[in-house]
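What's in query-v4.tsv: TSV, C-alpha atoms and all ligand atoms
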chain	number	residue	atom	x	y	z
T	1	MET	CA	14.16	-16.41	2.14
T	2	SER	CA	12.94	-18.43	-0.87
T	3	GLU	CA	10.29	-17.07	-3.26
T	4	ASP	CA	7.99	-19.88	-2.17
T	5	ALA	CA	8.34	-18.99	1.52
T	6	VAL	CA	7.51	-15.34	0.78
T	7	LYS	CA	4.46	-16.44	-1.21
T	8	GLN	CA	3.31	-18.65	1.69
T	9	MET	CA	3.66	-15.73	4.15
T	10	LYS	CA	1.71	-13.43	1.83
T	11	GLN	CA	-1.05	-15.97	1.34
T	12	ALA	CA	-1.33	-16.68	5.07
T	13	VAL	CA	-1.61	-13.02	6.03
T	14	ALA	CA	-3.99	-12.29	3.14
T	15	LYS	CA	-6.31	-15.10	4.24
T	16	ALA	CA	-6.31	-13.87	7.85
T	17	ALA	CA	-7.22	-10.36	6.66
T	18	ALA	CA	-9.95	-11.54	4.28
T	19	ASP	CA	-11.43	-13.58	7.17
T	20	ARG	CA	-11.87	-10.36	9.20
T	21	VAL	CA	-14.27	-8.87	6.63
T	22	GLN	CA	-17.95	-9.20	7.52
T	23	SER	CA	-21.09	-9.17	5.38
T	24	GLY	CA	-22.33	-5.72	4.41
T	25	MET	CA	-18.94	-4.04	4.80
T	26	ILE	CA	-17.49	-1.44	2.45
T	27	VAL	CA	-13.88	-2.55	1.95
T	28	GLY	CA	-10.88	-0.63	0.63
T	29	LEU	CA	-8.98	-2.89	-1.76
T	30	GLY	CA	-5.25	-2.24	-1.71
T	31	THR	CA	-2.65	-2.69	-4.42
T	32	GLY	CA	0.23	-5.16	-4.70
T	33	SER	CA	0.97	-8.87	-4.60
T	34	THR	CA	-0.28	-9.41	-1.01
T	35	THR	CA	-3.57	-7.59	-1.52
T	36	ALA	CA	-4.03	-9.48	-4.79
T	37	PHE	CA	-4.37	-12.59	-2.57
T	38	VAL	CA	-6.76	-10.70	-0.24
T	39	ILE	CA	-9.02	-9.88	-3.20
T	40	GLN	CA	-8.88	-13.48	-4.37
T	41	PHE	CA	-9.79	-14.79	-0.88
T	42	LEU	CA	-12.65	-12.29	-0.56
T	43	GLY	CA	-13.97	-13.54	-3.90
T	44	ASP	CA	-13.71	-17.14	-2.62
T	45	ARG	CA	-15.73	-16.27	0.51
T	46	LEU	CA	-18.40	-14.54	-1.58
T	47	ARG	CA	-18.63	-17.53	-3.92
T	48	LYS	CA	-18.96	-19.98	-1.02
T	49	GLY	CA	-21.72	-17.83	0.53
T	50	GLU	CA	-19.68	-17.12	3.69
T	51	LEU	CA	-19.90	-13.42	2.91
T	52	SER	CA	-22.56	-11.27	1.23
T	53	HIS	CA	-23.30	-7.67	0.26
T	54	ILE	CA	-19.77	-6.34	0.48
T	55	SER	CA	-18.61	-3.50	-1.78
T	56	GLY	CA	-15.00	-2.75	-2.68
T	57	VAL	CA	-13.33	0.60	-3.24
T	58	PRO	CA	-10.26	-0.12	-5.43
T	59	THR	CA	-7.05	1.83	-4.86
T	60	SER	CA	-5.75	1.26	-8.39
T	61	PHE	CA	-6.50	-0.02	-11.86
T	62	GLN	CA	-4.88	-3.34	-10.77
T	63	ALA	CA	-7.20	-3.68	-7.75
T	64	SER	CA	-10.24	-2.89	-9.85
T	65	VAL	CA	-9.33	-5.48	-12.51
T	66	LEU	CA	-8.78	-8.16	-9.83
T	67	ALA	CA	-12.00	-7.27	-7.99
T	68	LYS	CA	-13.98	-7.68	-11.22
T	69	LYS	CA	-12.22	-10.99	-11.91
T	70	TYR	CA	-13.12	-12.36	-8.46
T	71	GLY	CA	-16.69	-11.01	-8.41
T	72	ILE	CA	-16.41	-8.22	-5.83
T	73	PRO	CA	-18.95	-5.43	-6.53
T	74	LEU	CA	-17.25	-2.05	-6.74
T	75	VAL	CA	-18.26	1.44	-5.62
T	76	THR	CA	-16.42	4.77	-5.87
T	77	LEU	CA	-15.79	7.57	-3.41
T	78	ASP	CA	-18.74	9.38	-5.02
T	79	ASP	CA	-20.96	6.64	-3.58
T	80	VAL	CA	-19.64	6.33	0.00
T	81	GLU	CA	-18.46	8.80	2.65
T	82	LYS	CA	-16.38	6.32	4.59
T	83	LEU	CA	-15.30	2.69	4.56
T	84	ASP	CA	-15.62	0.04	7.25
T	85	ILE	CA	-12.19	-1.41	6.61
T	86	ALA	CA	-9.30	-0.93	4.17
T	87	ILE	CA	-6.81	-3.75	3.61
T	88	ASP	CA	-3.51	-2.79	2.04
T	89	GLY	CA	0.12	-3.86	1.84
T	90	ALA	CA	3.26	-1.89	2.67
T	91	ASP	CA	6.92	-1.73	1.70
T	92	GLU	CA	8.17	-0.90	5.20
T	93	VAL	CA	6.55	-0.93	8.66
T	94	ASP	CA	8.24	0.62	11.71
T	95	PRO	CA	7.54	-0.27	15.37
T	96	ALA	CA	5.12	2.70	15.65
T	97	LYS	CA	3.01	1.28	12.77
T	98	ASN	CA	4.14	4.00	10.38
T	99	LEU	CA	4.63	2.89	6.79
T	100	ILE	CA	6.36	3.48	3.52
T	101	LYS	CA	4.05	2.58	0.65
T	102	GLY	CA	4.06	3.13	-3.09
T	103	GLY	CA	6.11	0.19	-4.38
T	104	GLY	CA	3.26	-0.24	-6.84
T	105	ALA	CA	3.05	3.53	-7.52
T	106	ALA	CA	-0.49	3.55	-6.11
T	107	HIS	CA	0.18	5.44	-2.84
T	108	THR	CA	-1.86	8.53	-3.74
T	109	ARG	CA	-5.14	6.68	-4.11
T	110	GLU	CA	-4.13	4.29	-1.33
T	111	LYS	CA	-3.66	7.15	1.14
T	112	ILE	CA	-7.06	8.60	0.24
T	113	VAL	CA	-8.91	5.27	0.54
T	114	ASP	CA	-6.97	3.91	3.56
T	115	SER	CA	-7.51	7.17	5.51
T	116	LEU	CA	-11.27	7.00	4.99
T	117	ALA	CA	-11.61	3.60	6.64
T	118	ASP	CA	-12.80	3.06	10.23
T	119	GLN	CA	-10.05	0.45	10.35
T	120	PHE	CA	-6.94	0.40	8.18
T	121	LEU	CA	-5.55	-3.12	8.27
T	122	VAL	CA	-2.03	-3.57	6.86
T	123	VAL	CA	-0.92	-6.95	5.52
T	124	VAL	CA	2.81	-7.64	5.25
T	125	ASP	CA	5.28	-10.49	5.33
T	126	SER	CA	7.96	-10.30	8.02
T	127	SER	CA	10.60	-8.96	5.59
T	128	LYS	CA	8.79	-5.58	5.64
T	129	LEU	CA	9.47	-4.89	9.33
T	130	VAL	CA	12.19	-2.28	9.89
T	131	PRO	CA	13.53	-0.54	13.01
T	132	LYS	CA	13.32	2.83	11.24
T	133	LEU	CA	11.54	4.02	8.05
T	134	GLY	CA	13.87	4.43	5.08
T	135	ALA	CA	16.12	1.56	6.19
T	136	THR	CA	15.60	-0.46	3.01
T	137	PHE	CA	13.12	1.38	0.80
T	138	PRO	CA	13.16	4.87	-0.74
T	139	VAL	CA	10.19	7.22	-0.24
T	140	PRO	CA	8.06	7.20	-3.42
T	141	VAL	CA	6.89	10.68	-4.41
T	142	GLU	CA	4.22	11.12	-7.10
T	143	VAL	CA	4.94	14.25	-9.12
T	144	LEU	CA	3.20	16.14	-11.91
T	145	PRO	CA	5.32	15.57	-15.07
T	146	PHE	CA	5.59	19.37	-15.57
T	147	ALA	CA	7.30	19.71	-12.17
T	148	VAL	CA	9.79	16.83	-12.16
T	149	ALA	CA	12.90	19.05	-12.41
T	150	PRO	CA	12.00	21.58	-9.67
T	151	VAL	CA	10.69	18.82	-7.36
T	152	THR	CA	13.94	16.88	-7.90
T	153	HIS	CA	15.93	19.97	-6.86
T	154	ALA	CA	13.71	20.53	-3.81
T	155	LEU	CA	14.05	16.90	-2.68
T	156	LYS	CA	17.84	17.12	-3.01
T	157	ALA	CA	17.77	20.28	-0.88
T	158	LEU	CA	15.94	18.22	1.79
T	159	GLY	CA	18.85	15.74	1.82
T	160	GLY	CA	17.21	13.12	-0.40
T	161	GLN	CA	18.57	11.33	-3.44
T	162	PRO	CA	15.67	11.23	-5.90
T	163	GLU	CA	15.60	8.87	-8.87
T	164	LEU	CA	12.93	8.82	-11.55
T	165	ARG	CA	11.25	5.40	-11.38
T	166	MET	CA	11.67	3.54	-14.67
T	167	GLY	CA	9.45	0.75	-15.95
T	168	VAL	CA	10.61	-2.84	-15.65
T	169	LYS	CA	8.74	-4.25	-18.61
T	170	LYS	CA	8.56	-0.97	-20.53
T	171	ASP	CA	11.10	1.56	-21.75
T	172	GLY	CA	10.65	4.95	-20.13
T	173	PRO	CA	9.28	6.11	-16.81
T	174	VAL	CA	6.51	4.52	-14.75
T	175	VAL	CA	3.27	6.48	-15.21
T	176	THR	CA	0.78	6.39	-12.33
T	177	ASP	CA	-2.99	5.81	-12.66
T	178	GLN	CA	-3.30	9.62	-12.49
T	179	GLY	CA	-0.85	10.13	-15.41
T	180	ASN	CA	1.98	11.37	-13.17
T	181	LEU	CA	5.59	10.23	-12.57
T	182	VAL	CA	7.30	8.81	-9.49
T	183	LEU	CA	10.56	9.89	-7.89
T	184	ASP	CA	12.00	7.31	-5.48
T	185	VAL	CA	13.90	9.25	-2.85
T	186	LYS	CA	16.55	7.66	-0.67
T	187	PHE	CA	17.13	9.48	2.63
T	188	GLU	CA	20.15	8.54	4.77
T	189	ASP	CA	18.07	9.23	7.88
T	190	ILE	CA	14.40	10.03	8.52
T	191	PRO	CA	14.46	11.39	12.09
T	192	ASN	CA	10.85	12.63	11.96
T	193	PRO	CA	8.62	10.82	9.40
T	194	ALA	CA	5.54	12.97	10.22
T	195	GLU	CA	7.43	16.17	9.49
T	196	LEU	CA	9.04	14.80	6.30
T	197	GLU	CA	5.62	13.62	5.05
T	198	LYS	CA	4.24	17.16	5.35
T	199	THR	CA	7.40	18.88	4.07
T	200	ILE	CA	7.50	16.80	0.87
T	201	ASN	CA	3.81	17.37	0.20
T	202	ASN	CA	4.38	21.13	0.50
T	203	ILE	CA	6.69	21.17	-2.54
T	204	PRO	CA	4.71	22.60	-5.50
T	205	GLY	CA	4.19	19.85	-8.07
T	206	VAL	CA	4.15	16.98	-5.55
T	207	VAL	CA	0.85	15.10	-5.58
T	208	GLU	CA	1.48	12.72	-2.67
T	209	ASN	CA	4.30	10.81	-1.02
T	210	GLY	CA	4.49	7.27	0.32
T	211	LEU	CA	5.04	8.06	4.01
T	212	PHE	CA	1.91	6.93	5.89
T	213	VAL	CA	2.25	8.30	9.41
T	214	ASN	CA	-0.43	7.57	12.03
T	215	VAL	CA	-2.76	6.02	9.45
T	216	ALA	CA	-2.49	2.27	10.13
T	217	ASP	CA	-4.64	0.75	12.88
T	218	VAL	CA	-3.71	-2.93	12.73
T	219	ILE	CA	-0.63	-4.62	11.26
T	220	LEU	CA	-0.93	-8.33	10.42
T	221	ILE	CA	2.39	-10.05	9.77
T	222	GLY	CA	2.85	-13.29	7.86
T	223	GLU	CA	5.92	-15.23	8.92
T	224	ILE	CA	7.42	-18.70	8.76
T	225	VAL	CA	7.91	-20.43	12.11
T	226	ASP	CA	9.34	-23.96	12.26
T	227	GLY	CA	8.83	-24.22	8.51
T	228	GLN	CA	5.11	-23.35	8.73
T	229	PRO	CA	3.35	-20.10	7.73
T	230	ARG	CA	1.89	-18.24	10.72
T	231	VAL	CA	0.16	-14.89	11.23
T	232	ARG	CA	0.56	-12.53	14.18
T	233	GLU	CA	-0.68	-9.07	15.00
T	234	MET	CA	1.81	-6.33	15.82
T	235	GLY	CA	1.36	-5.38	19.48
T	301	LIG	O1	2.15	0.34	-1.58
T	301	LIG	C1	1.90	-0.52	-2.39
T	301	LIG	C2	1.50	-0.24	-3.78
T	301	LIG	O2	1.60	1.12	-4.08
T	301	LIG	C3	1.95	-1.97	-2.00
T	301	LIG	O3	1.00	-2.18	-1.02
T	301	LIG	C4	3.34	-2.29	-1.49
T	301	LIG	O4	4.26	-2.02	-2.53
T	301	LIG	C5	3.45	-3.76	-1.05
T	301	LIG	O5	3.32	-4.61	-2.16
T	301	LIG	P1	3.48	-6.19	-2.05
T	301	LIG	O6	2.30	-6.69	-1.28
T	301	LIG	O7	3.50	-6.64	-3.49
T	301	LIG	O8	4.77	-6.48	-1.35

Do you think you could lay out the structure here as structure tokens?
Ligand SMILES: O=C(CO)[C@H](O)[C@H](O)COP(=O)(O)O
Amino acid sequence: MSEDAVKQMKQAVAKAAADRVQSGMIVGLGTGSTTAFVIQFLGDRLRKGELSHISGVPTSFQASVLAKKYGIPLVTLDDVEKLDIAIDGADEVDPAKNLIKGGGAAHTREKIVDSLADQFLVVVDSSKLVPKLGATFPVPVEVLPFAVAPVTHALKALGGQPELRMGVKKDGPVVTDQGNLVLDVKFEDIPNPAELEKTINNIPGVVENGLFVNVADVILIGEIVDGQPRVREMG
């Protein structure tokens, strides 16, 4: 799939998601390249007067910078008890609507914000659909820097192959918005994602992992059909 086709799928699905937001809503703003388009399209709708009085809860520094750029008023979790909708991307989606997230190292805040929404709407291109979680993407685990060694040992004991995530444009490890590190853990098989999600989070020093089980309500998928971008909802 060409880069341009992937961009078209992301834009199509982002537009469809932004069109579902209604005036007055409190909206969780996800992190990543797909949600960057969602934030841009929400800003467009506000500017055109199609939408008014929405507030965004950003899931990351990136989301907050983009929201400010596109004129979306922001609130924090000190200001609201729940959200009407959260729109976020994913790295993998299985047929039961369970996810792996954290490709942008933002899964800790994302899980908090996405879980507080009446509706958690996931926006992905068709390359993210997998028959089983773990098929293509490791499970990102945010870890306190002090605990990287013992958490690494514990993840190996669970059958995983953890690797410290390194920066692409920076020497040294990726540091999350909370000042922690990320271990990307490849598992040969994830027979029970719900159990693995809880087991990993029980390791002392783990802050949060990128398995999102039973959190997503709606999955919108951008795809290319007969050369044209199209959006469908997972049944
Ligand atoms: O979980 C995430 C960030 O932590 C992203 O939502 C996920 O990585 C998908 O990103 P993109 O839309 O760029 O493919």

Quick one: everything within 12 Å of Ser2 of chain T, counting only C-alpha atoms, minus sequence neighbours fewer than 3 positions away in the same chain. Send it as a PDB file with C-alpha atoms, keeping the file's coordinate frame.
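Result written to selection-v7.pdb:
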ATOM      1  CA  ALA T   5       8.340 -18.990   1.520  1.00  0.00           C
ATOM      2  CA  VAL T   6       7.510 -15.340   0.780  1.00  0.00           C
ATOM      3  CA  LYS T   7       4.460 -16.440  -1.210  1.00  0.00           C
ATOM      4  CA  GLN T   8       3.310 -18.650   1.690  1.00  0.00           C
ATOM      5  CA  MET T   9       3.660 -15.730   4.150  1.00  0.00           C
ATOM      6  CA  SER T 127      10.600  -8.960   5.590  1.00  0.00           C
ATOM      7  CA  ILE T 224       7.420 -18.700   8.760  1.00  0.00           C
ATOM      8  CA  GLY T 227       8.830 -24.220   8.510  1.00  0.00           C
TER       9      GLY T 227
END

Open item on the list: Under the rule that all atoms listed in the file are counted, which of T:Pro145, T:Pro162, T:Gly172, T:Gly43 is the nearest residue to Pro204 of chain T?
Closed with: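 Nearest to Pro204 of chain T: T:Pro145.
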
TODO: Enumerate as JSON, numbers by chain the residues within 10 Å of ligand LIG 301 (chain T), counting all atoms listed in the file.
DONE: {"T": [6, 7, 10, 14, 30, 31, 32, 33, 34, 35, 36, 37, 38, 59, 60, 62, 87, 88, 89, 90, 91, 92, 99, 100, 101, 102, 103, 104, 105, 106, 107, 108, 109, 110, 111, 122, 123, 124, 125, 127, 128, 140, 176, 210, 211, 212]}

Can you spit out the residues from that selection as an mmCIF file, in the frame of the given file, using C-alpha atoms?
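Wrote part-v3.cif, looks like this:
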data_model
loop_
_atom_site.group_PDB
_atom_site.id
_atom_site.type_symbol
_atom_site.label_atom_id
_atom_site.label_comp_id
_atom_site.auth_asym_id
_atom_site.auth_seq_id
_atom_site.Cartn_x
_atom_site.Cartn_y
_atom_site.Cartn_z
ATOM 1 C CA VAL T 6 7.510 -15.340 0.780
ATOM 2 C CA LYS T 7 4.460 -16.440 -1.210
ATOM 3 C CA LYS T 10 1.710 -13.430 1.830
ATOM 4 C CA ALA T 14 -3.990 -12.290 3.140
ATOM 5 C CA GLY T 30 -5.250 -2.240 -1.710
ATOM 6 C CA THR T 31 -2.650 -2.690 -4.420
ATOM 7 C CA GLY T 32 0.230 -5.160 -4.700
ATOM 8 C CA SER T 33 0.970 -8.870 -4.600
ATOM 9 C CA THR T 34 -0.280 -9.410 -1.010
ATOM 10 C CA THR T 35 -3.570 -7.590 -1.520
ATOM 11 C CA ALA T 36 -4.030 -9.480 -4.790
ATOM 12 C CA PHE T 37 -4.370 -12.590 -2.570
ATOM 13 C CA VAL T 38 -6.760 -10.700 -0.240
ATOM 14 C CA THR T 59 -7.050 1.830 -4.860
ATOM 15 C CA SER T 60 -5.750 1.260 -8.390
ATOM 16 C CA GLN T 62 -4.880 -3.340 -10.770
ATOM 17 C CA ILE T 87 -6.810 -3.750 3.610
ATOM 18 C CA ASP T 88 -3.510 -2.790 2.040
ATOM 19 C CA GLY T 89 0.120 -3.860 1.840
ATOM 20 C CA ALA T 90 3.260 -1.890 2.670
ATOM 21 C CA ASP T 91 6.920 -1.730 1.700
ATOM 22 C CA GLU T 92 8.170 -0.900 5.200
ATOM 23 C CA LEU T 99 4.630 2.890 6.790
ATOM 24 C CA ILE T 100 6.360 3.480 3.520
ATOM 25 C CA LYS T 101 4.050 2.580 0.650
ATOM 26 C CA GLY T 102 4.060 3.130 -3.090
ATOM 27 C CA GLY T 103 6.110 0.190 -4.380
ATOM 28 C CA GLY T 104 3.260 -0.240 -6.840
ATOM 29 C CA ALA T 105 3.050 3.530 -7.520
ATOM 30 C CA ALA T 106 -0.490 3.550 -6.110
ATOM 31 C CA HIS T 107 0.180 5.440 -2.840
ATOM 32 C CA THR T 108 -1.860 8.530 -3.740
ATOM 33 C CA ARG T 109 -5.140 6.680 -4.110
ATOM 34 C CA GLU T 110 -4.130 4.290 -1.330
ATOM 35 C CA LYS T 111 -3.660 7.150 1.140
ATOM 36 C CA VAL T 122 -2.030 -3.570 6.860
ATOM 37 C CA VAL T 123 -0.920 -6.950 5.520
ATOM 38 C CA VAL T 124 2.810 -7.640 5.250
ATOM 39 C CA ASP T 125 5.280 -10.490 5.330
ATOM 40 C CA SER T 127 10.600 -8.960 5.590
ATOM 41 C CA LYS T 128 8.790 -5.580 5.640
ATOM 42 C CA PRO T 140 8.060 7.200 -3.420
ATOM 43 C CA THR T 176 0.780 6.390 -12.330
ATOM 44 C CA GLY T 210 4.490 7.270 0.320
ATOM 45 C CA LEU T 211 5.040 8.060 4.010
ATOM 46 C CA PHE T 212 1.910 6.930 5.890
#

Open item on the list: Could you tell me how far atom CA of Lys97 of chain T sits from atom CA of Val151 of chain T, in Å to one decimal place?
Closed with: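 If I compute the distance from atom CA of Val151 of chain T to atom CA of Lys97 of chain T, I get 27.8 Å.
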
- [ ] Tell me, in Å to one decimal, how far atom CA of Gly56 of chain T is from atom CA of Glu3 of chain T.
- [x] 29.1 Å

TODO: Can you work out which one of T:Val148, T:Ala154, T:Leu42, T:Leu164 has the shortest atom-to-atom distance to Ala16 of chain T, counting all atoms listed in the file?
DONE: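 Checking each of T:Val148, T:Ala154, T:Leu42, T:Leu164 against Ala16 of chain T, counting all atoms listed in the file, the winner is T:Leu42.
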
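Atom pair atom CA of Phe120 of chain T / atom CA of Asn98 of chain T: separated by 11.9 Å.
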
- [ ] Kindly extract all protein, DNA and RNA residues lying within 9 Å of the coordinates (-13.7, -4.7, -8.7) given in the file, considering all atoms listed in the file, and supply them as number ranges by chain.
- [x] T: 29, 39, 55-58, 63-75

Task: Residues near Ser115 of chain T, cut-off 9 Å, only C-alpha atoms, skip fewer than 3 positions along chain, as an NGL selection string - done: :T and (82 or 86 or 110-112 or 118-120 or 215-216)

TODO: Determine, counting all atoms listed in the file, which protein, DNA and RNA residues have an atom within 7 Å of an atom of Gly134 of chain T; residues of the same chain fewer than 4 positions away are not included. Present the result as a ChimeraX atom specification.
DONE: /T:138,187,189-190

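The shell of residues at most 10 Å from Leu196 of chain T, with only C-alpha atoms counted and near chain neighbours (fewer than 4 positions) removed, consists of Leu158, Ile190, Pro191, Asn192, Ile200, Asn201, Asn202, Asn209, Leu211 and Val213 of chain T.
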
Task: Among listed residues T:Val141, T:Met1, T:Val175, T:Val27, nearest Leu116 of chain T (using only C-alpha atoms) - done: T:Val27

- [ ] For each of T:Met234, T:Ala157, T:Val13, T:Val182, take the minimum atom-to-atom distance to Thr199 of chain T, counting only C-alpha atoms, then give the residue where this is smallest.
- [x]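 Selected residue with least distance to Thr199 of chain T: T:Ala157.
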
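Minimum atom-to-atom distance to Arg165 of chain T, evaluated using all atoms listed in the file, belongs to T:Asp184 out of T:Thr136, T:Ala149, T:Asp184, T:Asp177.
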